[in-house]
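One file, protein.txt, is given below (compact mmCIF, C-alpha atoms).
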# COMPACT_ATOMS: atom_id res chain seq x y z
CA MET X 1 31.15 94.19 23.71
CA THR X 2 31.92 90.67 22.53
CA ALA X 3 34.27 88.09 23.97
CA SER X 4 37.29 87.29 21.82
CA HIS X 5 38.07 83.89 20.36
CA ARG X 6 41.46 82.11 20.35
CA PRO X 7 41.88 79.06 18.10
CA ASP X 8 44.16 76.12 18.87
CA GLY X 9 45.33 72.94 17.13
CA SER X 10 47.83 70.10 17.06
CA GLY X 11 48.63 66.88 15.20
CA ASP X 12 50.89 65.08 12.74
CA ASP X 13 51.22 62.84 9.64
CA ALA X 14 49.10 62.46 6.52
CA ALA X 15 48.46 58.81 7.31
CA HIS X 16 46.33 59.82 10.27
CA LEU X 17 43.53 61.50 8.29
CA ARG X 18 41.21 58.59 9.00
CA GLU X 19 41.90 59.03 12.72
CA LEU X 20 41.23 62.77 12.40
CA LEU X 21 37.99 62.07 10.55
CA PRO X 22 36.93 58.75 12.11
CA ASP X 23 33.69 58.44 10.18
CA ALA X 24 35.36 58.72 6.76
CA PRO X 25 34.51 55.98 4.24
CA GLU X 26 36.99 53.17 3.57
CA TRP X 27 39.54 54.13 0.91
CA ASP X 28 39.46 52.16 -2.33
CA LEU X 29 43.22 51.54 -2.66
CA THR X 30 44.99 48.70 -0.91
CA PRO X 31 48.19 49.57 1.06
CA ALA X 32 50.30 47.99 -1.70
CA ARG X 33 48.65 50.10 -4.40
CA ARG X 34 49.04 53.28 -2.33
CA LEU X 35 52.77 52.57 -2.00
CA HIS X 36 53.01 51.94 -5.73
CA HIS X 37 51.45 55.33 -6.58
CA ARG X 38 53.58 57.05 -3.95
CA ASP X 39 56.78 55.60 -5.47
CA VAL X 40 55.71 56.70 -8.95
CA LEU X 41 55.01 60.18 -7.64
CA LEU X 42 58.38 60.51 -5.91
CA ARG X 43 60.26 59.27 -9.00
CA GLU X 44 58.47 61.86 -11.14
CA ILE X 45 59.33 64.65 -8.70
CA ASP X 46 63.01 63.61 -8.79
CA ARG X 47 62.89 63.53 -12.61
CA GLU X 48 61.40 67.04 -12.76
CA ARG X 49 64.00 68.42 -10.37
CA THR X 50 66.88 67.24 -12.58
CA ALA X 51 65.29 67.93 -15.98
CA ALA X 52 66.47 70.94 -18.01
CA PRO X 53 63.88 73.75 -18.31
CA THR X 54 61.99 74.14 -21.58
CA PRO X 55 62.77 77.60 -23.01
CA ALA X 56 59.52 77.77 -24.97
CA THR X 57 57.37 77.48 -21.83
CA PRO X 58 56.71 80.91 -20.29
CA ALA X 59 56.94 81.10 -16.52
CA PRO X 60 53.61 81.79 -14.81
CA ARG X 61 53.20 85.28 -13.42
CA ARG X 62 53.71 85.69 -9.71
CA ARG X 63 51.27 87.39 -7.38
CA TRP X 64 52.54 88.76 -4.10
CA LEU X 65 49.42 89.12 -1.99
CA ARG X 66 48.53 88.76 1.64
CA PRO X 67 47.48 85.10 1.88
CA VAL X 68 43.85 84.03 1.76
CA LEU X 69 43.88 82.37 5.16
CA LEU X 70 43.69 82.57 3.01
CA LEU X 71 43.91 82.09 -0.25
CA PRO X 72 47.26 78.55 -1.16
CA ALA X 73 52.63 71.54 -3.82
CA THR X 74 53.96 69.75 -6.50
CA ALA X 75 52.92 66.57 -4.71
CA MET X 76 49.28 66.99 -3.70
CA ALA X 77 48.38 65.42 -0.38
CA LEU X 78 45.07 63.65 -0.82
CA ALA X 79 42.64 62.41 1.77
CA GLY X 80 44.16 59.05 2.67
CA ALA X 81 45.62 58.12 -0.75
CA LEU X 82 48.16 59.50 -3.24
CA THR X 83 47.09 59.31 -6.89
CA LEU X 84 48.87 60.35 -10.04
CA THR X 85 48.57 59.71 -13.78
CA LEU X 86 51.80 60.64 -15.57
CA PRO X 87 52.47 60.82 -19.32
CA GLY X 88 54.46 57.78 -20.42
CA THR X 89 53.97 55.93 -17.14
CA GLU X 90 53.05 52.31 -17.64
CA GLN X 91 50.06 51.27 -15.58
CA GLU X 92 49.45 47.78 -14.34
CA PRO X 93 46.12 46.15 -15.20
CA GLY X 94 43.39 47.85 -13.23
CA ALA X 95 45.62 50.76 -12.18
CA GLU X 96 43.49 53.33 -14.03
CA ALA X 97 40.34 52.11 -12.31
CA GLU X 98 42.12 52.16 -8.96
CA ALA X 99 43.36 55.71 -9.60
CA THR X 100 39.81 56.77 -10.46
CA GLY X 101 38.58 55.20 -7.24
CA ALA X 102 41.27 57.02 -5.30
CA ARG X 103 40.24 60.34 -6.84
CA HIS X 104 36.66 59.67 -5.78
CA ALA X 105 37.90 58.85 -2.28
CA ALA X 106 39.89 62.10 -2.22
CA ALA X 107 36.84 64.08 -3.34
CA ASN X 108 34.76 62.39 -0.66
CA GLY X 109 37.42 63.32 1.87
CA VAL X 110 37.24 66.99 0.84
CA VAL X 111 33.44 67.06 1.10
CA LEU X 112 33.49 65.23 4.43
CA THR X 113 36.12 67.55 5.92
CA LEU X 114 34.40 70.74 4.74
CA ASP X 115 31.03 69.42 5.95
CA ARG X 116 32.54 69.00 9.41
CA ILE X 117 34.10 72.46 9.30
CA ALA X 118 30.71 73.85 8.24
CA ALA X 119 28.91 71.99 11.02
CA ALA X 120 31.39 73.29 13.59
CA SER X 121 31.06 76.88 12.34
CA ILE X 122 27.26 76.86 12.45
CA ALA X 123 27.38 75.69 16.07
CA VAL X 124 29.41 78.73 17.19
CA ASP X 125 27.49 81.30 19.22
CA VAL X 126 28.17 84.66 17.53
CA GLU X 127 26.70 87.93 18.71
CA PRO X 128 25.70 90.15 15.74
CA VAL X 129 28.11 93.01 15.07
CA ARG X 130 26.75 96.55 14.81
CA ASP X 131 27.66 98.99 12.05
CA ASP X 132 29.39 101.29 14.56
CA GLN X 133 31.73 98.56 15.83
CA PHE X 134 35.08 97.18 14.69
CA VAL X 135 36.31 93.62 14.19
CA TYR X 136 39.69 93.19 15.90
CA VAL X 137 42.11 90.46 14.78
CA ARG X 138 45.55 89.76 16.24
CA SER X 139 47.82 87.52 14.15
CA LEU X 140 51.36 86.26 13.87
CA VAL X 141 52.67 86.80 10.35
CA ARG X 142 55.70 85.78 8.26
CA SER X 143 55.85 87.40 4.83
CA ASN X 144 58.17 87.51 1.84
CA GLU X 145 60.81 90.21 1.99
CA GLY X 146 62.52 89.22 -1.26
CA THR X 147 62.30 91.08 -4.55
CA PHE X 148 59.14 90.94 -6.65
CA ASP X 149 60.45 88.35 -9.15
CA GLY X 150 63.49 87.22 -7.19
CA THR X 151 64.34 84.76 -4.47
CA VAL X 152 61.84 84.29 -1.65
CA LYS X 153 63.15 85.51 1.70
CA LEU X 154 60.79 84.96 4.62
CA GLY X 155 61.00 87.62 7.28
CA ALA X 156 60.92 86.92 11.00
CA PRO X 157 57.49 86.36 12.57
CA HIS X 158 55.91 89.62 13.65
CA ARG X 159 52.68 90.72 15.33
CA ARG X 160 49.85 92.14 13.25
CA GLU X 161 46.73 93.82 14.67
CA ILE X 162 43.90 95.19 12.60
CA TRP X 163 40.67 96.99 13.40
CA VAL X 164 38.12 96.68 10.55
CA SER X 165 35.16 99.06 10.36
CA GLN X 166 31.75 97.40 10.09
CA ASP X 167 30.03 100.53 8.75
CA SER X 168 27.86 99.52 5.77
CA ALA X 169 27.83 103.02 4.28
CA PRO X 170 30.47 104.24 1.81
CA ILE X 171 33.60 105.17 3.78
CA THR X 172 37.21 105.99 2.94
CA ARG X 173 38.83 105.03 6.27
CA ILE X 174 38.03 101.34 6.54
CA GLY X 175 40.22 100.49 9.50
CA VAL X 176 43.51 100.75 11.34
CA ILE X 177 46.51 98.42 11.27
CA ARG X 178 49.46 98.06 13.64
CA GLU X 179 52.41 95.75 12.99
CA SER X 180 55.16 95.24 15.53
CA GLY X 181 58.45 93.40 15.34
CA LYS X 182 62.11 93.54 14.39
CA GLY X 183 62.58 94.94 10.90
CA VAL X 184 58.94 96.00 10.49
CA PRO X 185 58.59 99.50 8.99
CA LEU X 186 56.86 101.89 11.40
CA SER X 187 56.82 99.13 14.01
CA GLY X 188 54.22 99.68 16.71
CA GLN X 189 52.57 102.63 14.99
CA ARG X 190 48.86 102.77 14.22
CA ILE X 191 48.37 103.33 10.48
CA PRO X 192 44.97 104.17 8.95
CA VAL X 193 43.74 101.86 6.19
CA GLU X 194 42.09 104.01 3.57
CA THR X 195 40.47 103.39 0.21
CA ALA X 196 38.79 105.32 -2.59
CA ALA X 197 35.74 104.97 -4.77
CA PRO X 198 35.70 102.20 -7.40
CA ASP X 199 36.51 104.81 -10.08
CA GLY X 200 39.58 105.89 -8.09
CA SER X 201 38.20 109.26 -7.03
CA ALA X 202 38.98 110.41 -3.51
CA GLY X 203 36.35 111.32 -0.97
CA GLN X 204 33.63 109.01 -2.27
CA GLY X 205 34.39 105.92 -0.23
CA VAL X 206 33.38 102.31 -0.76
CA PRO X 207 30.22 100.70 0.63
CA ALA X 208 30.12 97.27 2.22
CA GLY X 209 30.33 94.52 -0.40
CA ILE X 210 32.33 91.63 -1.74
CA ASP X 211 35.55 93.68 -1.64
CA ARG X 212 34.77 95.19 1.78
CA PRO X 213 32.79 92.56 3.68
CA THR X 214 31.09 93.63 6.92
CA TYR X 215 29.07 91.48 9.29
CA GLN X 216 25.77 92.82 7.99
CA TRP X 217 26.77 92.34 4.35
CA LEU X 218 27.93 88.78 5.04
CA ALA X 219 24.67 88.05 6.86
CA GLY X 220 22.80 89.01 3.69
CA LEU X 221 24.53 86.41 1.49
CA PRO X 222 22.55 83.34 0.38
CA THR X 223 22.92 80.31 2.62
CA ASP X 224 21.89 77.95 -0.19
CA THR X 225 25.08 76.49 -1.67
CA ASP X 226 23.99 76.70 -5.33
CA ALA X 227 22.81 80.31 -4.99
CA LEU X 228 25.94 81.37 -3.10
CA ARG X 229 28.19 79.65 -5.63
CA ALA X 230 26.46 81.42 -8.52
CA LEU X 231 26.79 84.80 -6.79
CA LEU X 232 30.51 84.34 -6.06
CA TYR X 233 31.34 83.14 -9.57
CA ASP X 234 29.44 86.09 -11.01
CA ARG X 235 30.99 88.82 -8.85
CA THR X 236 34.59 87.60 -8.45
CA ARG X 237 37.23 89.06 -10.77
CA PRO X 238 40.24 86.82 -11.51
CA LEU X 239 43.76 88.21 -11.31
CA ASP X 240 46.13 87.97 -14.29
CA ASP X 241 46.63 84.31 -15.35
CA GLU X 242 44.26 83.14 -12.62
CA SER X 243 41.40 80.73 -13.29
CA LYS X 244 37.87 81.57 -12.18
CA ASP X 245 37.92 78.56 -9.82
CA GLN X 246 41.04 79.84 -8.07
CA ALA X 247 39.67 83.37 -7.97
CA VAL X 248 36.56 82.15 -6.13
CA PHE X 249 38.68 80.03 -3.77
CA ARG X 250 40.81 83.09 -3.03
CA LYS X 251 37.75 85.32 -2.62
CA ILE X 252 36.16 82.97 -0.09
CA GLY X 253 39.43 83.11 1.82
CA ASP X 254 39.25 86.90 1.75
CA LEU X 255 35.68 86.79 3.08
CA LEU X 256 36.74 84.51 5.93
CA ASN X 257 39.87 86.52 6.70
CA GLU X 258 39.76 89.17 9.43
CA THR X 259 35.98 89.06 9.77
CA VAL X 260 33.43 87.84 12.27
CA MET X 261 31.19 85.49 10.28
CA PRO X 262 27.48 84.90 10.84
CA PRO X 263 27.39 81.13 11.54
CA ALA X 264 24.95 80.14 8.79
CA ASN X 265 26.91 82.11 6.20
CA ALA X 266 30.24 80.64 7.31
CA ALA X 267 28.79 77.15 6.89
CA ALA X 268 27.50 78.01 3.42
CA LEU X 269 30.91 79.35 2.36
CA TYR X 270 32.67 76.17 3.48
CA ARG X 271 30.16 73.97 1.66
CA THR X 272 30.67 76.10 -1.45
CA VAL X 273 34.42 75.49 -1.26
CA ALA X 274 33.70 71.76 -1.57
CA THR X 275 32.17 72.41 -5.02
CA ILE X 276 35.29 74.12 -6.43
CA PRO X 277 37.35 71.81 -8.68
CA GLY X 278 40.91 71.12 -7.52
CA VAL X 279 40.38 71.62 -3.78
CA ARG X 280 42.25 69.05 -1.68
CA VAL X 281 42.79 68.10 1.96
CA THR X 282 46.25 68.29 3.52
CA PRO X 283 46.12 65.97 6.55
CA ASP X 284 48.90 67.87 8.34
CA ALA X 285 49.49 71.60 7.93
CA THR X 286 51.30 74.07 10.19
CA ASP X 287 50.52 77.74 10.78
CA ALA X 288 52.96 80.56 11.56
CA ALA X 289 52.78 79.79 15.29
CA GLY X 290 53.77 76.16 14.73
CA ARG X 291 50.30 74.76 15.42
CA HIS X 292 49.37 71.66 13.43
CA GLY X 293 45.98 71.13 11.86
CA ILE X 294 44.11 70.01 8.74
CA GLY X 295 44.69 72.00 5.54
CA ILE X 296 42.23 72.92 2.80
CA THR X 297 44.33 73.72 -0.25
CA ARG X 298 44.19 74.49 -3.95
CA GLU X 299 47.04 74.75 -6.45
CA GLU X 300 46.83 77.21 -9.34
CA THR X 301 48.93 76.48 -12.44
CA GLY X 302 48.47 79.91 -14.02
CA THR X 303 50.03 81.78 -11.10
CA ALA X 304 52.29 78.91 -9.94
CA THR X 305 50.96 79.20 -6.39
CA ARG X 306 49.22 77.07 -3.81
CA ASP X 307 47.05 78.54 -1.07
CA GLU X 308 46.23 76.63 2.10
CA TRP X 309 43.86 77.32 4.99
CA ILE X 310 44.60 75.53 8.27
CA PHE X 311 41.95 74.32 10.71
CA ASP X 312 42.16 72.86 14.21
CA ARG X 313 41.58 69.13 13.85
CA ASN X 314 39.38 68.93 16.95
CA SER X 315 37.32 72.12 16.97
CA PHE X 316 37.64 72.82 13.19
CA THR X 317 38.20 76.53 13.89
CA LEU X 318 40.43 78.45 11.50
CA LEU X 319 44.05 78.62 12.72
CA GLY X 320 45.71 80.48 9.85
CA SER X 321 47.03 80.11 6.32
CA ARG X 322 50.09 79.43 4.20
CA SER X 323 50.98 80.41 0.63
CA TYR X 324 53.50 78.61 -1.59
CA LEU X 325 55.23 79.02 -4.91
CA THR X 326 55.00 75.76 -6.82
CA HIS X 327 57.55 74.12 -9.12
CA THR X 328 58.68 76.40 -11.96
CA THR X 329 62.00 77.24 -13.56
CA GLY X 330 64.34 78.76 -10.99
CA THR X 331 62.35 77.85 -7.89
CA ARG X 332 62.15 74.82 -5.64
CA PRO X 333 58.85 72.93 -5.43
CA SER X 334 56.51 74.30 -2.80
CA THR X 335 58.50 77.30 -1.60
CA LEU X 336 56.69 78.92 1.34
CA TYR X 337 56.38 82.67 0.88
CA ASN X 338 53.70 83.70 3.39
CA SER X 339 52.34 82.28 6.63
CA THR X 340 49.85 83.50 9.23
CA ALA X 341 48.41 82.38 12.54
CA VAL X 342 45.19 83.88 13.91
CA LEU X 343 45.72 84.34 17.65
CA GLU X 344 42.66 86.35 18.67
CA THR X 345 39.46 87.66 17.11
CA GLY X 346 36.96 89.94 18.80
CA VAL X 347 34.65 92.94 18.46
CA VAL X 348 35.32 96.37 19.97
CA ASP X 349 33.51 99.70 20.03
CA ARG X 350 36.54 101.82 19.08
CA ASP X 351 39.50 101.33 16.76
CA ASP X 352 42.02 102.09 19.53
CA ARG X 353 40.90 99.31 21.89
CA VAL X 354 41.44 95.56 22.17
CA PRO X 355 38.84 93.06 23.45
CA THR X 356 40.39 92.82 26.92
CA GLU X 357 39.82 96.57 27.38
CA GLU X 358 36.11 96.46 26.47
For the file at hand, write its structure as structure tokens.
Amino acid sequence: MTASHRPDGSGDDAAHLRELLPDAPEWDLTPARRLHHRDVLLREIDRERTAAPTPATPAPRRRWLRPVLLLPATAMALAGALTLTLPGTEQEPGAEAEATGARHAAANGVVLTLDRIAAASIAVDVEPVRDDQFVYVRSLVRSNEGTFDGTVKLGAPHRREIWVSQDSAPITRIGVIRESGKGVPLSGQRIPVETAAPDGSAGQGVPAGIDRPTYQWLAGLPTDTDALRALLYDRTRPLDDESKDQAVFRKIGDLLNETVMPPANAAALYRTVATIPGVRVTPDATDAAGRHGIGITREETGTATRDEWIFDRNSFTLLGSRSYLTHTTGTRPSTLYNSTAVLETGVVDRDDRVPTEE
């Protein structure tokens, strides 16, 4: 029996990142230069919105997945400074050097933020989870109810509960899910989550591993950042049109999602995220429950998506995630298509109980 955990968070405004992370280094850009880059960025966004689409450019393929807490804006919010280098944009003397300095400041902000998230996660007291137990997660979810390649239509928020088996042996029934709310198919009913062997054959089951992470499997991962990074890049399979960097970002989100993480391994995963190119900090992000926090985000050109994980800005616990479609022909920039909020996480002995009943 393990006590459940309920995250919380609040806050507002990208300009307050330095207040959220008070020990962050001074940013290289002056206020005047930051405003200059911001104005250039906004003008470019307006230009793109009114420009005619280029027929020869194929639209990136969409992926409709449950978010990566996971793993997901035309204008990228950087840690304390907006930077942009646009084709055909005249730069004032020294602007290129200033932009480079701003990128370094943004990278430092990502590393600093993820270091603090890692430090907070390693300080959490987690009781090891046995193979015969289940991880229970209760969430609030808003998901896309539109057509596969059509207009995004977010459904109403609904409750999602899942019980995930921690059995390390090959199994076919890996958990139970129950979703409740207006318009939810089979609302309130407990539905088994089943899988098959990697070759698709029934009855063989799947052991614990990167595609079915259990507490014991996660505890066996390297805690050295370089070793963990090499393992994840080796074992992660990209989706269609997805880069390897995005695939690993998404996979780490999957590993963090609906699991109870051994503290040292959680810290190692967050520090590994800081090594992935293209990861940024969003100083203000909101989960499905309306709670504000700090976002860790990455945009993927190949799939025209952006995944964002949201953390409480005081405790640095994971609050939830958001997924966006980015600017392509026929869509608005940064169209939200999935949002979650983690409300409770715990461990139970049976897949028909919740932590308060243990």
*Counting all atoms listed in the file, what is within 8 Å of X:Val184, bar same-chain residues fewer than 4 positions away, as a list in words?*
His158, Glu179 and Ser180 of chain X
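Each of X:Glu299, X:Asp351, X:Asp115, X:Asp287 was checked against X:Val193 using all atoms listed in the file; the smallest atom-to-atom distance is that of X:Asp351.
For the set X:Leu318, X:Leu256, X:Ala274, X:Ile171, the residue with the smallest atom-to-atom gap to X:Pro213 is X:Leu256, counting all atoms listed in the file.
Near (21.1, 82.4, 5.4), the residues inside the 12 Å limit, counting all atoms listed in the file, come to Ile122, Gln216, Trp217, Leu218, Ala219, Gly220, Leu221, Pro222, Thr223, Asp224, Thr225, Ala227, Leu228, Met261, Pro262, Pro263, Ala264, Asn265, Ala266, Ala267, Ala268 and Leu269 of chain X.
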_Residue with smallest distance to X:Ser321 - pool X:Val260, X:Ala169, X:Leu140, X:Ile177, counting all atoms listed in the file_ = X:Leu140
*asked:* What's the separation between atom CA of X:Gly155 and atom CA of X:Arg313, in Å to one decimal place?
replied: 27.6 Å
_Contact residues around X:Thr340 with all atoms listed in the file at 10 Å, ignoring same-chain residues under 4 positions, as a list in words_ = Arg66, Pro67, Val68, Leu69, Leu70, Ser139, Leu140, Val141, Arg142, Ser143, Pro157, His158, Arg159, Arg160, Thr286, Asp287, Ala288, Ala289, Gly290, Trp309, Ile310, Leu319, Gly320, Ser321, Arg322 and Ser323 of chain X
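Atom CA of X:Ile276 is found 22.3 Å from atom CA of X:Glu258.
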Would you list the contacts of X:Glu242 as a PDB file with C-alpha atoms, in the frame of the given file, taking every protein, DNA or RNA residue within 10 Å and counting only C-alpha atoms, but skipping same-chain residues closer than 2 positions in sequence?
ATOM      1  CA  PRO X  60      53.610  81.790 -14.810  1.00  0.00           C
ATOM      2  CA  ARG X  61      53.200  85.280 -13.420  1.00  0.00           C
ATOM      3  CA  ARG X  63      51.270  87.390  -7.380  1.00  0.00           C
ATOM      4  CA  ARG X 237      37.230  89.060 -10.770  1.00  0.00           C
ATOM      5  CA  PRO X 238      40.240  86.820 -11.510  1.00  0.00           C
ATOM      6  CA  LEU X 239      43.760  88.210 -11.310  1.00  0.00           C
ATOM      7  CA  ASP X 240      46.130  87.970 -14.290  1.00  0.00           C
ATOM      8  CA  LYS X 244      37.870  81.570 -12.180  1.00  0.00           C
ATOM      9  CA  ASP X 245      37.920  78.560  -9.820  1.00  0.00           C
ATOM     10  CA  GLN X 246      41.040  79.840  -8.070  1.00  0.00           C
ATOM     11  CA  ALA X 247      39.670  83.370  -7.970  1.00  0.00           C
ATOM     12  CA  GLU X 300      46.830  77.210  -9.340  1.00  0.00           C
ATOM     13  CA  THR X 301      48.930  76.480 -12.440  1.00  0.00           C
ATOM     14  CA  GLY X 302      48.470  79.910 -14.020  1.00  0.00           C
ATOM     15  CA  THR X 303      50.030  81.780 -11.100  1.00  0.00           C
ATOM     16  CA  ALA X 304      52.290  78.910  -9.940  1.00  0.00           C
ATOM     17  CA  THR X 305      50.960  79.200  -6.390  1.00  0.00           C
TER      18      THR X 305
END
_Can you tell me which residues surround X:Asp211 at a distance of at most 10 Å, considering only C-alpha atoms, apart from same-chain residues fewer than 4 positions away, and format the answer as number ranges by chain?_
X: 206-207, 235-236, 251, 254-255
_Shortest interatomic distance to X:Val124 - which of X:Pro277, X:Glu161, X:Ser315, X:Leu232, counting only C-alpha atoms_ =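 Closest residue, counting only C-alpha atoms: X:Ser315.
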*What does the distance from atom CA of X:His292 to atom CA of X:Gly278 come to in Å, to one decimal?*
22.6 Å
_Counting all atoms listed in the file, which residue out of X:Phe249, X:Asp241, X:Leu186, X:Ile294 sits closest to X:Arg229?_
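With all atoms listed in the file as the atom set, the closest residue is X:Phe249.
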*Measuring atom to atom with only C-alpha atoms, identify which of X:Thr317, X:Ala123, X:Asp234, X:Asn108 is nearest to X:Thr345.*
X:Thr317
Put a box with edges along x, y and z around all the listed atoms of stretch 207-212 of chain X, pad it by 6 Å on each side, then give me its centre and sizes in Å, one decimal, as AutoDock Vina command-line options.
--center_x 32.8 --center_y 96.2 --center_z 0.2 --size_x 17.4 --size_y 21.1 --size_z 16.0
